[in-house]
$ cat protein.cif   # mmCIF, C-alpha atoms
data_final
loop_
_atom_site.label_atom_id
_atom_site.label_comp_id
_atom_site.auth_asym_id
_atom_site.auth_seq_id
_atom_site.Cartn_x
_atom_site.Cartn_y
_atom_site.Cartn_z
CA MET A 4 0.00 0.00 0.00
CA SER A 5 1.56 3.30 -1.01
CA GLU A 6 0.69 6.13 1.30
CA SER A 7 1.34 9.82 1.13
CA PRO A 8 2.19 11.63 4.39
CA ALA A 9 -1.47 12.66 4.68
CA GLY A 10 -2.89 9.15 4.30
CA PRO A 11 -3.74 6.56 1.65
CA ALA A 12 -4.26 7.34 -2.00
CA PRO A 13 -7.91 8.15 -2.91
CA ASP A 14 -8.56 4.69 -4.40
CA GLU A 15 -7.11 2.79 -1.41
CA PRO A 16 -8.91 1.92 1.82
CA LEU A 17 -8.31 4.20 4.80
CA VAL A 18 -7.04 1.37 6.98
CA ASP A 19 -6.08 -2.27 6.54
CA GLN A 20 -9.18 -4.26 7.51
CA GLY A 21 -7.69 -7.70 6.87
CA SER A 22 -7.07 -8.47 10.55
CA TRP A 23 -6.89 -6.71 13.91
CA ALA A 24 -3.10 -7.19 13.83
CA ARG A 25 -2.90 -5.11 10.64
CA PHE A 26 -5.76 -2.73 11.46
CA THR A 27 -4.15 -1.11 14.52
CA PRO A 28 -0.78 -0.17 12.93
CA SER A 29 -2.51 1.07 9.78
CA LEU A 30 -4.83 3.26 11.86
CA GLU A 31 -1.79 4.62 13.72
CA ARG A 32 -0.06 5.46 10.40
CA LEU A 33 -3.21 7.21 9.16
CA LEU A 34 -3.51 9.29 12.34
CA ASP A 35 0.19 10.11 12.38
CA GLY A 36 0.04 11.15 8.72
CA GLN A 37 -2.93 13.44 9.39
CA GLY A 38 -1.02 15.07 12.23
CA GLN A 39 1.80 15.95 9.86
CA SER A 40 -0.45 17.32 7.11
CA SER A 41 -1.62 20.90 6.95
CA GLY A 42 -4.85 21.79 8.76
CA SER A 43 -6.56 23.06 5.59
CA GLY A 44 -7.69 19.60 4.45
CA ALA A 45 -8.17 18.17 7.91
CA GLN A 46 -10.50 15.22 8.15
CA GLU A 47 -12.09 13.10 10.82
CA VAL A 48 -11.97 9.33 10.54
CA VAL A 49 -15.29 7.66 11.31
CA LEU A 50 -15.44 3.95 12.11
CA ILE A 51 -18.99 2.58 12.15
CA ALA A 52 -19.77 -0.71 13.91
CA PRO A 53 -21.78 -3.26 11.92
CA LEU A 54 -24.70 -3.52 14.37
CA PRO A 55 -26.36 -1.58 17.18
CA VAL A 56 -25.14 -2.62 20.64
CA ILE A 57 -27.97 -1.27 22.77
CA ASP A 58 -31.31 -2.78 23.67
CA ALA A 59 -34.34 -1.31 25.42
CA GLN A 60 -33.35 -2.84 28.79
CA ASP A 61 -29.92 -1.14 28.75
CA LEU A 62 -30.95 2.46 28.06
CA PRO A 63 -29.07 5.18 29.94
CA ARG A 64 -31.03 6.56 32.88
CA ALA A 65 -31.85 10.22 33.29
CA ARG A 66 -29.57 11.75 35.90
CA GLY A 67 -31.70 14.57 37.19
CA LEU A 68 -34.92 16.49 36.91
CA GLY A 69 -33.52 18.58 34.05
CA ASP A 70 -32.76 15.45 32.03
CA LEU A 71 -36.24 14.11 32.67
CA LEU A 72 -37.92 17.35 31.59
CA ARG A 73 -35.79 17.86 28.46
CA ARG A 74 -36.05 14.36 27.08
CA ARG A 75 -38.95 12.26 26.07
CA ALA A 76 -38.78 8.59 26.89
CA ALA A 77 -35.35 7.33 25.87
CA LEU A 78 -35.37 5.05 22.87
CA PRO A 79 -32.62 2.81 21.52
CA SER A 80 -31.27 3.91 18.16
CA PRO A 81 -31.56 1.58 15.18
CA GLU A 82 -28.20 2.99 14.05
CA ALA A 83 -24.89 1.35 14.87
CA PRO A 84 -22.48 3.22 17.14
CA ARG A 85 -19.48 4.98 15.67
CA VAL A 86 -16.02 6.05 16.72
CA VAL A 87 -14.87 9.47 15.49
CA LEU A 88 -11.14 10.23 15.44
CA ALA A 89 -9.63 13.66 14.84
CA VAL A 90 -6.05 14.84 15.10
CA ARG A 91 -5.94 18.00 17.21
CA ALA A 92 -3.11 20.22 18.45
CA ILE A 93 -3.02 18.27 21.73
CA GLY A 94 -3.17 14.80 20.18
CA VAL A 95 -5.70 12.38 18.78
CA GLU A 96 -9.23 12.99 20.03
CA VAL A 97 -11.42 9.90 19.98
CA ARG A 98 -15.16 10.35 20.50
CA LEU A 99 -18.08 7.94 20.77
CA PRO A 100 -21.39 9.80 20.37
CA GLY A 101 -23.96 8.63 22.87
CA HIS A 102 -27.00 9.58 20.76
CA ASP A 103 -27.97 9.70 17.11
CA ASP A 104 -29.27 12.83 15.34
CA GLN A 105 -32.79 12.23 16.69
CA GLY A 106 -31.59 11.89 20.30
CA ARG A 107 -31.99 8.11 20.46
CA ALA A 108 -29.38 6.23 22.49
CA LEU A 109 -26.43 4.65 20.64
CA LEU A 110 -24.71 3.49 23.83
CA GLY A 111 -26.31 1.77 26.78
CA ARG A 112 -25.35 1.72 30.44
CA ALA A 113 -23.10 -1.32 29.91
CA GLN A 114 -21.10 0.38 27.12
CA ARG A 115 -20.85 3.66 29.05
CA SER A 116 -19.65 1.85 32.19
CA ALA A 117 -17.04 -0.09 30.22
CA LEU A 118 -15.77 3.09 28.54
CA GLN A 119 -15.62 5.00 31.83
CA ALA A 120 -13.69 2.11 33.40
CA LEU A 121 -11.17 2.50 30.57
CA GLY A 122 -10.77 6.22 31.35
CA TRP A 123 -13.16 7.75 28.83
CA GLN A 124 -15.06 10.87 29.95
CA GLY A 125 -18.19 12.78 29.05
CA ALA A 126 -21.95 12.76 29.25
CA GLU A 127 -23.42 13.07 25.74
CA SER A 128 -20.31 11.76 23.97
CA LEU A 129 -17.56 9.80 25.62
CA THR A 130 -14.13 11.10 24.68
CA ARG A 131 -10.48 10.41 25.16
CA THR A 132 -7.45 12.36 23.94
CA ASP A 133 -4.06 10.74 23.51
CA PRO A 134 -0.90 12.55 22.37
CA ASP A 135 0.44 9.34 20.79
CA PRO A 136 -1.30 8.05 17.62
CA LEU A 137 -0.24 4.46 18.42
CA HIS A 138 -1.82 4.55 21.88
CA ALA A 139 -4.97 6.09 20.38
CA ALA A 140 -5.15 3.35 17.72
CA GLU A 141 -4.67 0.64 20.35
CA ALA A 142 -7.41 2.17 22.56
CA VAL A 143 -9.80 2.34 19.58
CA THR A 144 -9.11 -1.29 18.68
CA ARG A 145 -9.81 -2.36 22.26
CA VAL A 146 -13.11 -0.44 22.33
CA LEU A 147 -14.19 -1.84 18.97
CA ILE A 148 -13.58 -5.41 20.14
CA GLU A 149 -14.57 -5.29 23.81
CA VAL A 150 -17.25 -2.60 23.99
CA LEU A 151 -18.83 -2.42 20.53
CA ARG A 152 -18.37 -6.17 19.92
CA VAL A 153 -16.94 -5.88 16.40
CA ALA A 154 -15.79 -9.39 15.49
CA HIS A 155 -13.48 -8.46 12.61
CA PRO A 156 -12.24 -5.14 11.21
CA ALA A 157 -13.69 -6.06 7.80
CA ASP A 158 -17.12 -5.61 9.43
CA LEU A 159 -16.43 -1.89 10.00
CA GLU A 160 -17.47 0.89 7.69
CA CYS A 161 -14.57 3.35 7.51
CA ARG A 162 -14.99 6.93 6.26
CA ALA A 163 -13.01 10.13 6.15
CA VAL A 164 -15.18 13.22 6.50
CA PRO A 165 -14.20 16.91 6.51
CA MET A 166 -13.52 18.17 10.02
CA ALA A 167 -16.38 20.15 11.51
CA HIS A 168 -16.22 23.89 10.86
CA GLY A 169 -14.36 25.69 13.61
CA ALA A 170 -12.56 22.55 14.81
CA GLN A 171 -8.98 22.95 15.88
CA ALA A 172 -6.54 22.06 13.10
CA ALA A 173 -4.12 19.14 13.10
CA ARG A 174 -1.16 19.26 15.44
CA PRO A 175 2.08 20.66 14.06
CA SER A 176 4.69 18.12 12.98
CA ALA A 177 7.43 17.51 15.50
#

$ encode --input "protein.cif" --output "structure tokens"
Amino acid sequence: MSESPAGPAPDEPLVDQGSWARFTPSLERLLDGQGQSSGSGAQEVVLIAPLPVIDAQDLPRARGLGDLLRRRAALPSPEAPRVVLAVRAIGVEVRLPGHDDQGRALLGRAQRSALQALGWQGAESLTRTDPDPLHAAEAVTRVLIEVLRVAHPADLECRAVPMAHGAQAARPSA
């Protein structure tokens, strides 16, 4: 696979999905390459699990009166959860949105507890920032296998999307 410093060629896959052993180092190379590219074409990498992981019995509970008043009855999302990776000035930010665009839950209590036990933080989205692309790639692989129950990396849908407007640009090269 021939890669430019900013990532794979347009006709090549973002990451090697042949096995977990090849997925993690290829994700690290992609993240490291994005960190060394200019911020003008910055992209987020989105990894989408093959199936939803939440059921109606595992919905997150409202934490206070404000949550109860703002939200209707929580519903599980029919969408699969996703991991969003972005190279920032402080390192690789990894985010797992907790809800879909309609406010339905993507992550249940079991997934949130597992992520929090691994050091992830947040209420709506669970996030983690790591200055080292290899550590970030390893953490993502662990979450995909253990929390989102992805059996094989070939089951993932991998996309690169333009970074949200106003997001901090990629970190400067060292």

$ atom_distance --input "protein.cif" --atom1 "atom CA of Asp103 of chain A" --atom2 "atom CA of Pro53 of chain A"
15.3 Å

$ resolve_selection --input "protein.cif" --expression "the PyMOL selection byres ((chain A and resi 104) around 12)" --output "PyMOL selection string"
chain A and resi 80-82+84+100-103+105-109+127

$ closest_residue --input "protein.cif" --among "A:Ala113, A:Leu118, A:Ile93, A:Val56" --to "Val146 of chain A" --atoms "all atoms listed in the file"
A:Leu118

$ closest_residue --input "protein.cif" --among "A:Leu110, A:Val86, A:Leu159, A:Leu121" --to "Leu62 of chain A" --atoms "only C-alpha atoms"
A:Leu110

$ residues_around --input "protein.cif" --residues "Val49 of chain A" --least-positions-apart "2" --cutoff "7 Å" --atoms "all atoms listed in the file" --output "ChimeraX atom specification"
/A:47,51,85-88,161-163

$ write_last_selection --input "protein.cif" --atoms "C-alpha atoms" --output "mmCIF file, keeping the file's coordinate frame"
data_model
loop_
_atom_site.group_PDB
_atom_site.id
_atom_site.type_symbol
_atom_site.label_atom_id
_atom_site.label_comp_id
_atom_site.auth_asym_id
_atom_site.auth_seq_id
_atom_site.Cartn_x
_atom_site.Cartn_y
_atom_site.Cartn_z
ATOM 1 C CA GLU A 47 -12.090 13.100 10.820
ATOM 2 C CA ILE A 51 -18.990 2.580 12.150
ATOM 3 C CA ARG A 85 -19.480 4.980 15.670
ATOM 4 C CA VAL A 86 -16.020 6.050 16.720
ATOM 5 C CA VAL A 87 -14.870 9.470 15.490
ATOM 6 C CA LEU A 88 -11.140 10.230 15.440
ATOM 7 C CA CYS A 161 -14.570 3.350 7.510
ATOM 8 C CA ARG A 162 -14.990 6.930 6.260
ATOM 9 C CA ALA A 163 -13.010 10.130 6.150
#

$ build_atoms --input "protein.cif" --residues "segment 25-36 of chain A" --atoms "all heavy atoms" --output "PDB file, in the coordinates of the input"
ATOM      1  N   ARG A  25      -3.281  -6.084  11.666  1.00  0.00           N
ATOM      2  CA  ARG A  25      -2.900  -5.110  10.640  1.00  0.00           C
ATOM      3  C   ARG A  25      -3.700  -3.815  10.763  1.00  0.00           C
ATOM      4  O   ARG A  25      -3.235  -2.754  10.345  1.00  0.00           O
ATOM      5  CB  ARG A  25      -3.086  -5.724   9.254  1.00  0.00           C
ATOM      6  CG  ARG A  25      -2.158  -6.896   9.032  1.00  0.00           C
ATOM      7  CD  ARG A  25      -2.074  -7.372   7.589  1.00  0.00           C
ATOM      8  NE  ARG A  25      -3.297  -7.373   6.846  1.00  0.00           N
ATOM      9  CZ  ARG A  25      -3.880  -8.452   6.329  1.00  0.00           C
ATOM     10  NH1 ARG A  25      -3.346  -9.643   6.525  1.00  0.00           N
ATOM     11  NH2 ARG A  25      -4.973  -8.366   5.632  1.00  0.00           N
ATOM     12  N   PHE A  26      -4.905  -3.909  11.319  1.00  0.00           N
ATOM     13  CA  PHE A  26      -5.760  -2.730  11.460  1.00  0.00           C
ATOM     14  C   PHE A  26      -5.120  -1.670  12.355  1.00  0.00           C
ATOM     15  O   PHE A  26      -5.041  -0.500  11.987  1.00  0.00           O
ATOM     16  CB  PHE A  26      -7.124  -3.162  12.040  1.00  0.00           C
ATOM     17  CG  PHE A  26      -8.040  -2.019  12.378  1.00  0.00           C
ATOM     18  CD1 PHE A  26      -8.835  -1.439  11.399  1.00  0.00           C
ATOM     19  CD2 PHE A  26      -8.119  -1.515  13.674  1.00  0.00           C
ATOM     20  CE1 PHE A  26      -9.679  -0.378  11.698  1.00  0.00           C
ATOM     21  CE2 PHE A  26      -8.953  -0.474  13.987  1.00  0.00           C
ATOM     22  CZ  PHE A  26      -9.745   0.101  13.000  1.00  0.00           C
ATOM     23  N   THR A  27      -4.669  -2.072  13.540  1.00  0.00           N
ATOM     24  CA  THR A  27      -4.150  -1.110  14.520  1.00  0.00           C
ATOM     25  C   THR A  27      -2.952  -0.326  13.989  1.00  0.00           C
ATOM     26  O   THR A  27      -2.967   0.910  14.049  1.00  0.00           O
ATOM     27  CB  THR A  27      -3.819  -1.824  15.849  1.00  0.00           C
ATOM     28  OG1 THR A  27      -5.001  -2.490  16.309  1.00  0.00           O
ATOM     29  CG2 THR A  27      -3.356  -0.840  16.901  1.00  0.00           C
ATOM     30  N   PRO A  28      -1.903  -0.971  13.444  1.00  0.00           N
ATOM     31  CA  PRO A  28      -0.780  -0.170  12.930  1.00  0.00           C
ATOM     32  C   PRO A  28      -1.162   0.708  11.734  1.00  0.00           C
ATOM     33  O   PRO A  28      -0.637   1.807  11.569  1.00  0.00           O
ATOM     34  CB  PRO A  28       0.281  -1.189  12.550  1.00  0.00           C
ATOM     35  CG  PRO A  28      -0.242  -2.526  12.869  1.00  0.00           C
ATOM     36  CD  PRO A  28      -1.621  -2.390  13.429  1.00  0.00           C
ATOM     37  N   SER A  29      -2.110   0.243  10.919  1.00  0.00           N
ATOM     38  CA  SER A  29      -2.510   1.070   9.780  1.00  0.00           C
ATOM     39  C   SER A  29      -3.312   2.279  10.242  1.00  0.00           C
ATOM     40  O   SER A  29      -3.195   3.370   9.670  1.00  0.00           O
ATOM     41  CB  SER A  29      -3.280   0.259   8.737  1.00  0.00           C
ATOM     42  OG  SER A  29      -4.560  -0.107   9.204  1.00  0.00           O
ATOM     43  N   LEU A  30      -4.115   2.123  11.299  1.00  0.00           N
ATOM     44  CA  LEU A  30      -4.830   3.260  11.860  1.00  0.00           C
ATOM     45  C   LEU A  30      -3.841   4.247  12.472  1.00  0.00           C
ATOM     46  O   LEU A  30      -3.970   5.464  12.296  1.00  0.00           O
ATOM     47  CB  LEU A  30      -5.842   2.785  12.913  1.00  0.00           C
ATOM     48  CG  LEU A  30      -6.684   3.872  13.578  1.00  0.00           C
ATOM     49  CD1 LEU A  30      -7.491   4.668  12.555  1.00  0.00           C
ATOM     50  CD2 LEU A  30      -7.614   3.252  14.624  1.00  0.00           C
ATOM     51  N   GLU A  31      -2.824   3.750  13.141  1.00  0.00           N
ATOM     52  CA  GLU A  31      -1.790   4.620  13.720  1.00  0.00           C
ATOM     53  C   GLU A  31      -1.080   5.410  12.621  1.00  0.00           C
ATOM     54  O   GLU A  31      -0.862   6.611  12.751  1.00  0.00           O
ATOM     55  CB  GLU A  31      -0.788   3.773  14.518  1.00  0.00           C
ATOM     56  CG  GLU A  31       0.289   4.586  15.203  1.00  0.00           C
ATOM     57  CD  GLU A  31       1.577   4.710  14.423  1.00  0.00           C
ATOM     58  OE1 GLU A  31       1.857   3.830  13.586  1.00  0.00           O
ATOM     59  OE2 GLU A  31       2.304   5.696  14.638  1.00  0.00           O
ATOM     60  N   ARG A  32      -0.724   4.760  11.514  1.00  0.00           N
ATOM     61  CA  ARG A  32      -0.060   5.460  10.400  1.00  0.00           C
ATOM     62  C   ARG A  32      -0.962   6.541   9.812  1.00  0.00           C
ATOM     63  O   ARG A  32      -0.513   7.635   9.492  1.00  0.00           O
ATOM     64  CB  ARG A  32       0.353   4.467   9.312  1.00  0.00           C
ATOM     65  CG  ARG A  32       1.573   3.652   9.662  1.00  0.00           C
ATOM     66  CD  ARG A  32       2.093   2.851   8.477  1.00  0.00           C
ATOM     67  NE  ARG A  32       1.119   1.923   7.916  1.00  0.00           N
ATOM     68  CZ  ARG A  32       0.904   0.696   8.370  1.00  0.00           C
ATOM     69  NH1 ARG A  32       1.596   0.232   9.389  1.00  0.00           N
ATOM     70  NH2 ARG A  32       0.013  -0.080   7.792  1.00  0.00           N
ATOM     71  N   LEU A  33      -2.257   6.225   9.681  1.00  0.00           N
ATOM     72  CA  LEU A  33      -3.210   7.210   9.160  1.00  0.00           C
ATOM     73  C   LEU A  33      -3.284   8.420  10.080  1.00  0.00           C
ATOM     74  O   LEU A  33      -3.209   9.562   9.626  1.00  0.00           O
ATOM     75  CB  LEU A  33      -4.594   6.571   8.996  1.00  0.00           C
ATOM     76  CG  LEU A  33      -5.705   7.514   8.546  1.00  0.00           C
ATOM     77  CD1 LEU A  33      -5.463   7.995   7.114  1.00  0.00           C
ATOM     78  CD2 LEU A  33      -7.047   6.830   8.659  1.00  0.00           C
ATOM     79  N   LEU A  34      -3.412   8.185  11.379  1.00  0.00           N
ATOM     80  CA  LEU A  34      -3.510   9.290  12.340  1.00  0.00           C
ATOM     81  C   LEU A  34      -2.220  10.090  12.393  1.00  0.00           C
ATOM     82  O   LEU A  34      -2.237  11.324  12.449  1.00  0.00           O
ATOM     83  CB  LEU A  34      -3.858   8.752  13.723  1.00  0.00           C
ATOM     84  CG  LEU A  34      -5.222   8.074  13.840  1.00  0.00           C
ATOM     85  CD1 LEU A  34      -5.354   7.381  15.192  1.00  0.00           C
ATOM     86  CD2 LEU A  34      -6.348   9.059  13.599  1.00  0.00           C
ATOM     87  N   ASP A  35      -1.100   9.417  12.354  1.00  0.00           N
ATOM     88  CA  ASP A  35       0.190  10.110  12.380  1.00  0.00           C
ATOM     89  C   ASP A  35       0.375  10.940  11.115  1.00  0.00           C
ATOM     90  O   ASP A  35       0.846  12.064  11.168  1.00  0.00           O
ATOM     91  CB  ASP A  35       1.321   9.097  12.542  1.00  0.00           C
ATOM     92  CG  ASP A  35       2.627   9.764  12.922  1.00  0.00           C
ATOM     93  OD1 ASP A  35       2.602  10.692  13.758  1.00  0.00           O
ATOM     94  OD2 ASP A  35       3.672   9.369  12.377  1.00  0.00           O
ATOM     95  N   GLY A  36      -0.053  10.405   9.981  1.00  0.00           N
ATOM     96  CA  GLY A  36       0.040  11.150   8.720  1.00  0.00           C
ATOM     97  C   GLY A  36      -0.851  12.374   8.715  1.00  0.00           C
ATOM     98  O   GLY A  36      -0.476  13.432   8.204  1.00  0.00           O
TER      99      GLY A  36
END
